[in-house]
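Scroll down for the structure; my scribbles are underneath it.
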Amino acid sequence: MNWFNSMFSSTPATPIEGDVLLIDVRSPEEFASGYVEGAINVPLPILPLRFQEIAPDTARQIVVYCRSGARSGMAQQFLKERNYANVINGGSVDSTAVLVKRAVVR
């Protein structure tokens, strides 16, 4: 994880296991280049239009990620402002894969 992510990310030090919703907020082209196994692609500009459909349970564990952690930080803030209690900024694809113990699909 780069210094920016370590300063502004809320990524926990302990890996996450169990039922977690992975949301990749990058563009479809970025997503096609590699994503964390089990993730869904909801580009950041689309998130406000689909968040209730994608994550109706505001208590569910959600990990958002992107390329560097900046867009996922915005997604995390957006969801927290809408009372989602368990949203984590996973940072990059690779850091999220380690966090949730899943492979990167390329």
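We label chains A, B, ... in the order they appear in the structure tokens, count residues from 1 in each chain, and number ligands from 1 in the order shown.
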
Selection: 8 Å around Ala97 (chain A), only C-alpha atoms, excl. self and same-chain fewer than 5 positions, as a list in words: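 Selected residues are Val36, Glu37, Arg102, Ala103 and Val104 of chain A.
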
Expected file: the selected residues, N, CA and C atoms, as a short mmCIF file (atom, residue, chain, number, x, y, z; two decimals), in the first residue's frame:
```cif
data_model
loop_
_atom_site.label_atom_id
_atom_site.label_comp_id
_atom_site.auth_asym_id
_atom_site.auth_seq_id
_atom_site.Cartn_x
_atom_site.Cartn_y
_atom_site.Cartn_z
N VAL A 36 -10.64 -8.18 -8.31
CA VAL A 36 -10.62 -9.14 -7.21
C VAL A 36 -11.77 -10.13 -7.42
N GLU A 37 -11.45 -11.40 -7.27
CA GLU A 37 -12.44 -12.46 -7.45
C GLU A 37 -13.70 -12.17 -6.65
N ARG A 102 -8.46 -13.15 -1.52
CA ARG A 102 -8.98 -13.65 -2.79
C ARG A 102 -7.98 -13.33 -3.90
N ALA A 103 -8.12 -14.06 -4.98
CA ALA A 103 -7.20 -13.88 -6.11
C ALA A 103 -7.61 -12.68 -6.97
N VAL A 104 -6.66 -12.17 -7.71
CA VAL A 104 -6.94 -11.17 -8.73
C VAL A 104 -7.16 -11.92 -10.04
#
```

Which of chain A end up as helix (DSSP H, G or I) when DSSP is run on this backbone - answer as a ChimeraX atom specification? /A:3-8,28-32,47-54,70-81,93-100

Surrounding residues of Lys101 (chain A) excluding itself and chain neighbours under 4 positions, 8 Å, only C-alpha atoms, as a CSV table (one decimal) with C-alpha atoms, in the first residue's frame:
```csv
chain,number,residue,atom,x,y,z
A,15,PRO,CA,-7.8,-9.7,6.8
A,16,ILE,CA,-11.6,-9.8,6.2
A,17,GLU,CA,-13.3,-13.2,5.9
A,97,ALA,CA,-7.1,-9.0,-2.8
```

Once DSSP has gone over the backbone, tell me which residues of region 20-96 of chain A are in strand (DSSP E or B), as a VMD selection string. chain A and resid 21 to 24 35 to 36 40 to 41 62 to 65 87 to 91

Export of prior selection with C-alpha atoms as a compact mmCIF listing (two decimals), in the first residue's frame:
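Wrote out_24.txt, looks like this:
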```txt
# COMPACT_ATOMS: atom_id res chain seq x y z
CA LEU A 21 -19.60 -7.31 -0.84
CA LEU A 22 -16.69 -6.22 -3.05
CA ILE A 23 -17.34 -3.17 -5.21
CA ASP A 24 -14.77 -2.11 -7.80
CA TYR A 35 -10.32 -7.42 -10.57
CA VAL A 36 -10.62 -9.14 -7.21
CA ILE A 40 -18.82 -6.34 -9.02
CA ASN A 41 -18.00 -3.35 -11.17
CA ILE A 62 -18.68 -3.72 2.04
CA VAL A 63 -15.19 -3.23 0.64
CA VAL A 64 -14.79 -0.65 -2.11
CA TYR A 65 -11.60 -0.39 -4.14
CA VAL A 87 -17.72 0.21 4.56
CA ILE A 88 -13.98 -0.23 4.12
CA ASN A 89 -11.76 1.47 1.57
CA GLY A 90 -9.65 -1.44 0.34
CA GLY A 91 -7.38 0.84 -1.68
```

Looking at only C-alpha atoms, which of A:Ala39, A:Leu47, A:Val20, A:Phe31 is the one that sits closest to Phe78 (chain A)?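 The answer is A:Leu47, which sits nearest to Phe78 (chain A).
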
May I ask which of the residues A:Met74, A:Val98, A:Cys66, A:Ala55 is the closest one to Gly34 (chain A), counting only C-alpha atoms?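 Ranked by minimum distance to Gly34 (chain A), first place goes to A:Cys66.
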
Judged by only C-alpha atoms, the minimum distance to Gly69 (chain A) among A:Ala85, A:Glu30, A:Ser95, A:Val42 is found for A:Ser95

Which neighbours of Arg71 (chain A) fall inside 8 Å, counting only C-alpha atoms, when residues of the same chain fewer than 6 positions from it are skipped, and could you give them as a ChimeraX atom specification? /A:25-26,44,65

Go ahead and save the residues from that selection, with C-alpha atoms, as a PDB file, in the first residue's frame.
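selection-v5.pdb was written with the following content:
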```
ATOM      1  CA  VAL A  25     -15.456   1.572  -8.573  1.00  0.00           C
ATOM      2  CA  ARG A  26     -13.077   1.779 -11.535  1.00  0.00           C
ATOM      3  CA  LEU A  44     -17.925   5.689  -9.192  1.00  0.00           C
ATOM      4  CA  TYR A  65     -11.603  -0.394  -4.139  1.00  0.00           C
TER       5      TYR A  65
END
```

Closest of A:Pro45, A:Arg60, A:Ala32, A:Ser72 to Thr96 (chain A) - atom-to-atom distances counting only C-alpha atoms: A:Ser72

What is the CA of Ala59 (chain A)-CA of Asn83 (chain A) distance in Å, reported with one decimal?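 Result for CA of Ala59 (chain A) versus CA of Asn83 (chain A): 8.6 Å, one decimal.
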
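Nearest to Gln52 (chain A) of all the residues A:Gly18, A:Val105, A:Arg82, A:Leu99 is A:Arg82, counting only C-alpha atoms.
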
Given only C-alpha atoms as the basis, pick out the residue of A:Asp19, A:Pro43, A:Arg106, A:Pro48 nearest to Glu81 (chain A).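 Checking each of A:Asp19, A:Pro43, A:Arg106, A:Pro48 against Glu81 (chain A), counting only C-alpha atoms, the winner is A:Pro48.
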